[in-house]
>>> print(open('upload.cif').read())   # mmCIF, C-alpha atoms
data_data
#
loop_
_atom_site.label_atom_id
_atom_site.label_comp_id
_atom_site.auth_asym_id
_atom_site.auth_seq_id
_atom_site.Cartn_x
_atom_site.Cartn_y
_atom_site.Cartn_z
CA MET A 7 16.12 6.59 -7.02
CA SER A 8 16.26 5.42 -3.47
CA ASN A 9 16.35 1.68 -2.81
CA GLU A 10 14.03 2.29 0.13
CA VAL A 11 10.79 0.30 -0.11
CA LYS A 12 8.04 0.70 2.45
CA ILE A 13 5.57 -2.17 2.56
CA LEU A 14 2.26 -0.97 4.00
CA VAL A 15 0.32 -3.93 5.37
CA GLY A 16 -3.43 -4.22 5.86
CA THR A 17 -4.34 -7.52 7.50
CA MET A 18 -6.93 -9.21 9.69
CA THR A 19 -5.45 -12.68 10.20
CA GLY A 20 -1.75 -12.02 9.59
CA THR A 21 -1.55 -13.53 6.10
CA ALA A 22 -0.71 -10.21 4.44
CA GLU A 23 2.05 -9.71 7.00
CA LEU A 24 3.52 -13.15 6.15
CA VAL A 25 3.41 -12.16 2.49
CA ALA A 26 5.17 -8.88 3.32
CA ASP A 27 7.92 -10.83 5.14
CA GLU A 28 8.51 -12.84 1.98
CA ILE A 29 8.63 -9.65 -0.11
CA VAL A 30 11.23 -8.23 2.32
CA ASP A 31 13.45 -11.29 1.82
CA VAL A 32 13.31 -10.99 -1.97
CA LEU A 33 13.85 -7.23 -2.04
CA THR A 34 16.76 -7.46 0.38
CA GLU A 35 18.45 -9.99 -1.93
CA LYS A 36 17.92 -7.54 -4.80
CA GLY A 37 19.73 -4.76 -2.91
CA ALA A 38 16.67 -2.88 -1.71
CA ASP A 39 16.18 -1.49 1.78
CA PRO A 40 12.66 -2.72 2.65
CA GLU A 41 10.63 -1.91 5.76
CA ILE A 42 7.24 -3.30 6.82
CA LEU A 43 4.76 -0.82 8.27
CA LEU A 44 1.46 -2.10 9.58
CA MET A 45 -1.23 0.39 8.62
CA ASP A 46 -2.61 0.59 12.20
CA ASP A 47 -1.10 3.96 13.10
CA LEU A 48 -0.30 5.44 9.69
CA ASP A 49 -1.62 8.77 8.48
CA PRO A 50 -1.34 10.34 5.01
CA THR A 51 2.07 11.85 5.85
CA ALA A 52 3.42 8.26 5.68
CA LEU A 53 3.38 8.62 1.89
CA SER A 54 5.94 10.88 0.24
CA ALA A 55 7.99 11.04 -2.94
CA GLY A 56 11.32 9.23 -2.64
CA PRO A 57 10.78 5.75 -1.27
CA LEU A 58 8.87 3.15 -3.21
CA TYR A 59 5.74 1.72 -1.64
CA ILE A 60 4.00 -1.61 -1.77
CA ILE A 61 0.44 -1.91 -0.57
CA CYS A 62 0.02 -5.47 0.69
CA THR A 63 -3.52 -5.96 1.87
CA SER A 64 -6.25 -8.48 2.28
CA THR A 65 -9.98 -7.86 1.85
CA TYR A 66 -12.44 -8.19 4.68
CA GLY A 67 -16.20 -8.47 5.10
CA GLN A 68 -18.17 -7.04 2.21
CA GLY A 69 -15.13 -5.98 0.20
CA GLU A 70 -13.65 -3.62 2.79
CA VAL A 71 -10.05 -2.86 3.64
CA PRO A 72 -8.97 -4.69 6.83
CA ASP A 73 -9.74 -3.11 10.21
CA ASN A 74 -6.12 -2.11 10.79
CA ALA A 75 -6.11 -0.19 7.49
CA ARG A 76 -9.51 1.54 7.84
CA LYS A 77 -8.31 4.69 9.66
CA PHE A 78 -5.43 5.20 7.19
CA PHE A 79 -7.68 4.65 4.16
CA ASP A 80 -10.36 7.02 5.51
CA ALA A 81 -7.76 9.71 6.28
CA LEU A 82 -6.34 9.48 2.76
CA GLU A 83 -9.84 9.74 1.34
CA SER A 84 -10.92 12.70 3.48
CA GLN A 85 -7.65 14.68 3.44
CA ALA A 86 -6.96 13.95 -0.25
CA PRO A 87 -3.23 14.81 -0.17
CA ASP A 88 -1.42 15.40 -3.46
CA LEU A 89 0.55 12.18 -3.96
CA THR A 90 2.25 13.24 -7.20
CA GLY A 91 5.70 11.67 -7.23
CA VAL A 92 4.67 8.72 -5.04
CA GLN A 93 5.32 5.37 -6.75
CA TYR A 94 3.75 2.15 -5.56
CA GLY A 95 2.85 -1.44 -6.30
CA VAL A 96 -0.11 -3.46 -5.05
CA PHE A 97 -0.25 -7.05 -3.86
CA ALA A 98 -3.90 -7.78 -3.06
CA LEU A 99 -5.16 -10.87 -1.27
CA GLY A 100 -8.66 -12.22 -1.78
CA ASP A 101 -10.74 -15.30 -2.35
CA MET A 102 -12.65 -15.94 -5.59
CA THR A 103 -15.27 -17.72 -3.49
CA TYR A 104 -16.39 -14.13 -2.83
CA MET A 105 -16.32 -13.11 -6.48
CA GLN A 106 -18.38 -9.91 -6.01
CA THR A 107 -15.75 -8.46 -3.65
CA PHE A 108 -12.60 -10.28 -4.80
CA CYS A 109 -9.47 -8.34 -3.79
CA PHE A 110 -11.46 -5.15 -3.15
CA GLY A 111 -9.11 -4.13 -0.30
CA GLY A 112 -6.19 -3.86 -2.73
CA ARG A 113 -8.35 -2.48 -5.52
CA LYS A 114 -9.69 0.29 -3.28
CA PHE A 115 -6.19 1.37 -2.23
CA ASP A 116 -5.01 1.22 -5.84
CA ASP A 117 -7.91 3.38 -7.07
CA LEU A 118 -7.53 5.90 -4.23
CA LEU A 119 -3.76 6.32 -4.62
CA ALA A 120 -4.13 6.80 -8.39
CA LYS A 121 -6.91 9.36 -7.83
CA LEU A 122 -4.59 11.28 -5.49
CA GLY A 123 -1.86 11.44 -8.15
CA ALA A 124 0.40 8.52 -7.21
CA THR A 125 1.78 6.26 -9.95
CA ARG A 126 1.44 2.49 -9.82
CA LEU A 127 4.46 0.60 -11.10
CA GLY A 128 3.60 -2.66 -12.82
CA ASP A 129 0.32 -4.50 -12.66
CA ARG A 130 -1.72 -4.96 -9.52
CA VAL A 131 -1.38 -8.56 -8.41
CA GLU A 132 -4.42 -10.34 -7.02
CA HIS A 133 -3.88 -13.57 -5.14
CA ASP A 134 -6.81 -16.01 -4.93
CA ALA A 135 -6.82 -17.96 -1.66
CA SER A 136 -8.97 -20.67 -3.23
CA SER A 137 -6.42 -21.28 -6.03
CA GLY A 138 -4.19 -23.53 -3.93
CA ASP A 139 -1.15 -21.34 -4.69
CA LEU A 140 0.62 -19.99 -1.63
CA PRO A 141 0.45 -16.19 -1.52
CA GLU A 142 4.06 -16.01 -0.28
CA ASP A 143 5.30 -17.87 -3.37
CA MET A 144 3.32 -15.63 -5.70
CA ALA A 145 4.54 -12.53 -3.82
CA ALA A 146 8.19 -13.56 -4.04
CA GLU A 147 8.00 -13.97 -7.80
CA TRP A 148 6.06 -10.73 -8.23
CA ALA A 149 8.36 -8.68 -5.96
CA GLU A 150 11.46 -9.63 -7.92
CA GLY A 151 9.98 -8.48 -11.23
CA TRP A 152 8.32 -5.44 -9.66
CA PHE A 153 11.56 -4.13 -8.16
CA GLU A 154 13.41 -4.61 -11.45
CA GLN A 155 10.66 -2.63 -13.20
CA ALA A 156 10.92 0.11 -10.55
CA LEU A 157 14.67 0.38 -11.10
CA GLU A 158 14.17 0.64 -14.86
CA ALA A 159 11.50 3.32 -14.42
CA ALA A 160 13.82 5.45 -12.27
#
>>> encode(input="upload.cif", output="structure tokens")
Amino acid sequence: MSNEVKILVGTMTGTAELVADEIVDVLTEKGADPEILLMDDLDPTALSAGPLYIICTSTYGQGEVPDNARKFFDALESQAPDLTGVQYGVFALGDMTYMQTFCFGGRKFDDLLAKLGATRLGDRVEHDASSGDLPEDMAAEWAEGWFEQALEAA
């Protein structure tokens, strides 16, 4: 297995990007080769077997993926590429104040990738902004365990 990890970031305010930076620090310490890719200009060819992927995304509006992830999400949905062999993890950001749509950005990506044949490694993590816990702290702890699981699954 490659130690390459691509962190695909969907964000409106930059919080998911800060979280991704923290994940990069942890993965680098673990011997991984992480790279952050904002979803702005991605298309479905960005996903392929080989590297590991982390979807790090917030939720916006009425449970939508962030604006910078919309085009990528829609292209995946409409083109429906076969993602067999793609392995990924999900770190979703949300706010339980909006319980009806809590972490829907991450949930929607998770559901779509699974439908297209990709395999999620570990549990999807859902950070609650109203919990008082910093998302970066939660992400650091999660990333360490997630990468170890990925190595074991290889």
>>> resolve_selection(input="upload.cif", expression="the PyMOL selection byres ((chain A and resi 30-46) around 8)", output="list in words")
Asn9, Glu10, Val11, Lys12, Ile13, Leu14, Val15, Gly16, Ala26, Asp27, Glu28, Ile29, Asp47, Leu48, Asn74, Ala75, Lys77, Phe78, Ala146, Ala149, Glu150 and Phe153 of chain A
>>> write_last_selection(input="upload.cif", atoms="C-alpha atoms", output="mmCIF file, keeping the file's coordinate frame")
data_model
loop_
_atom_site.group_PDB
_atom_site.id
_atom_site.type_symbol
_atom_site.label_atom_id
_atom_site.label_comp_id
_atom_site.auth_asym_id
_atom_site.auth_seq_id
_atom_site.Cartn_x
_atom_site.Cartn_y
_atom_site.Cartn_z
ATOM 1 C CA ASN A 9 16.350 1.680 -2.810
ATOM 2 C CA GLU A 10 14.030 2.290 0.130
ATOM 3 C CA VAL A 11 10.790 0.300 -0.110
ATOM 4 C CA LYS A 12 8.040 0.700 2.450
ATOM 5 C CA ILE A 13 5.570 -2.170 2.560
ATOM 6 C CA LEU A 14 2.260 -0.970 4.000
ATOM 7 C CA VAL A 15 0.320 -3.930 5.370
ATOM 8 C CA GLY A 16 -3.430 -4.220 5.860
ATOM 9 C CA ALA A 26 5.170 -8.880 3.320
ATOM 10 C CA ASP A 27 7.920 -10.830 5.140
ATOM 11 C CA GLU A 28 8.510 -12.840 1.980
ATOM 12 C CA ILE A 29 8.630 -9.650 -0.110
ATOM 13 C CA ASP A 47 -1.100 3.960 13.100
ATOM 14 C CA LEU A 48 -0.300 5.440 9.690
ATOM 15 C CA ASN A 74 -6.120 -2.110 10.790
ATOM 16 C CA ALA A 75 -6.110 -0.190 7.490
ATOM 17 C CA LYS A 77 -8.310 4.690 9.660
ATOM 18 C CA PHE A 78 -5.430 5.200 7.190
ATOM 19 C CA ALA A 146 8.190 -13.560 -4.040
ATOM 20 C CA ALA A 149 8.360 -8.680 -5.960
ATOM 21 C CA GLU A 150 11.460 -9.630 -7.920
ATOM 22 C CA PHE A 153 11.560 -4.130 -8.160
#
>>> closest_atom_pairs(input="upload.cif", of="segment 102-153 of chain A", to="segment 50-68 of chain A", cutoff="7 Å", atoms="all atoms listed in the file", output="Markdown table")
| residue | atom | partner | partner_atom | distance |
| --- | --- | --- | --- | --- |
| A:Thr107 | CA | A:Gln68 | CA | 6.5 |
| A:Cys109 | CA | A:Thr65 | CA | 5.7 |
| A:Phe110 | CA | A:Thr65 | CA | 5.9 |
| A:Gly111 | CA | A:Thr65 | CA | 4.4 |
| A:Gly112 | CA | A:Thr63 | CA | 5.7 |
>>> closest_residue(input="upload.cif", among="A:Thr17, A:Lys121, A:Asp101, A:Gln93", to="Ser136 of chain A", atoms="only C-alpha atoms")
A:Asp101
>>> atom_distance(input="upload.cif", atom1="atom CA of Asp139 of chain A", atom2="atom CA of Tyr104 of chain A")
17.0 Å
>>> atom_distance(input="upload.cif", atom1="atom CA of Ser137 of chain A", atom2="atom CA of Met102 of chain A")
8.2 Å
>>> atom_distance(input="upload.cif", atom1="atom CA of Met105 of chain A", atom2="atom CA of Val71 of chain A")
15.7 Å
>>> resolve_selection(input="upload.cif", expression="the PyMOL selection byres ((chain A and resi 96) around 9)", output="list in words")
Tyr59, Ile60, Ile61, Cys62, Thr63, Tyr94, Gly95, Phe97, Ala98, Gly112, Arg113, Phe115, Asp116, Arg126, Leu127, Gly128, Asp129, Arg130, Val131 and Glu132 of chain A
>>> closest_residue(input="upload.cif", among="A:Val92, A:Pro87, A:Pro72, A:Gly100", to="Ala156 of chain A", atoms="only C-alpha atoms")
A:Val92
>>> closest_residue(input="upload.cif", among="A:Ala145, A:Leu82, A:Ala135, A:Ala160", to="Thr103 of chain A", atoms="only C-alpha atoms")
A:Ala135
>>> resolve_selection(input="upload.cif", expression="the PyMOL selection byres ((chain A and resi 89) around 6)", output="ChimeraX atom specification")
/A:87-88,90,92,122-124
>>> write_last_selection(input="upload.cif", atoms="C-alpha atoms", output="compact mmCIF listing (two decimals), in the frame of the given file")
# COMPACT_ATOMS: atom_id res chain seq x y z
CA PRO A 87 -3.23 14.81 -0.17
CA ASP A 88 -1.42 15.40 -3.46
CA THR A 90 2.25 13.24 -7.20
CA VAL A 92 4.67 8.72 -5.04
CA LEU A 122 -4.59 11.28 -5.49
CA GLY A 123 -1.86 11.44 -8.15
CA ALA A 124 0.40 8.52 -7.21
>>> closest_residue(input="upload.cif", among="A:Ala120, A:Met18, A:Leu99, A:Met144", to="Ala86 of chain A", atoms="all atoms listed in the file")
A:Ala120
>>> axis_aligned_box(input="upload.cif", around="segment 17-34 of chain A", padding_each_side="3 Å", output="JSON")
{"center_x": 4.9, "center_y": -10.4, "center_z": 4.1, "size_x": 29.7, "size_y": 12.3, "size_z": 18.2}
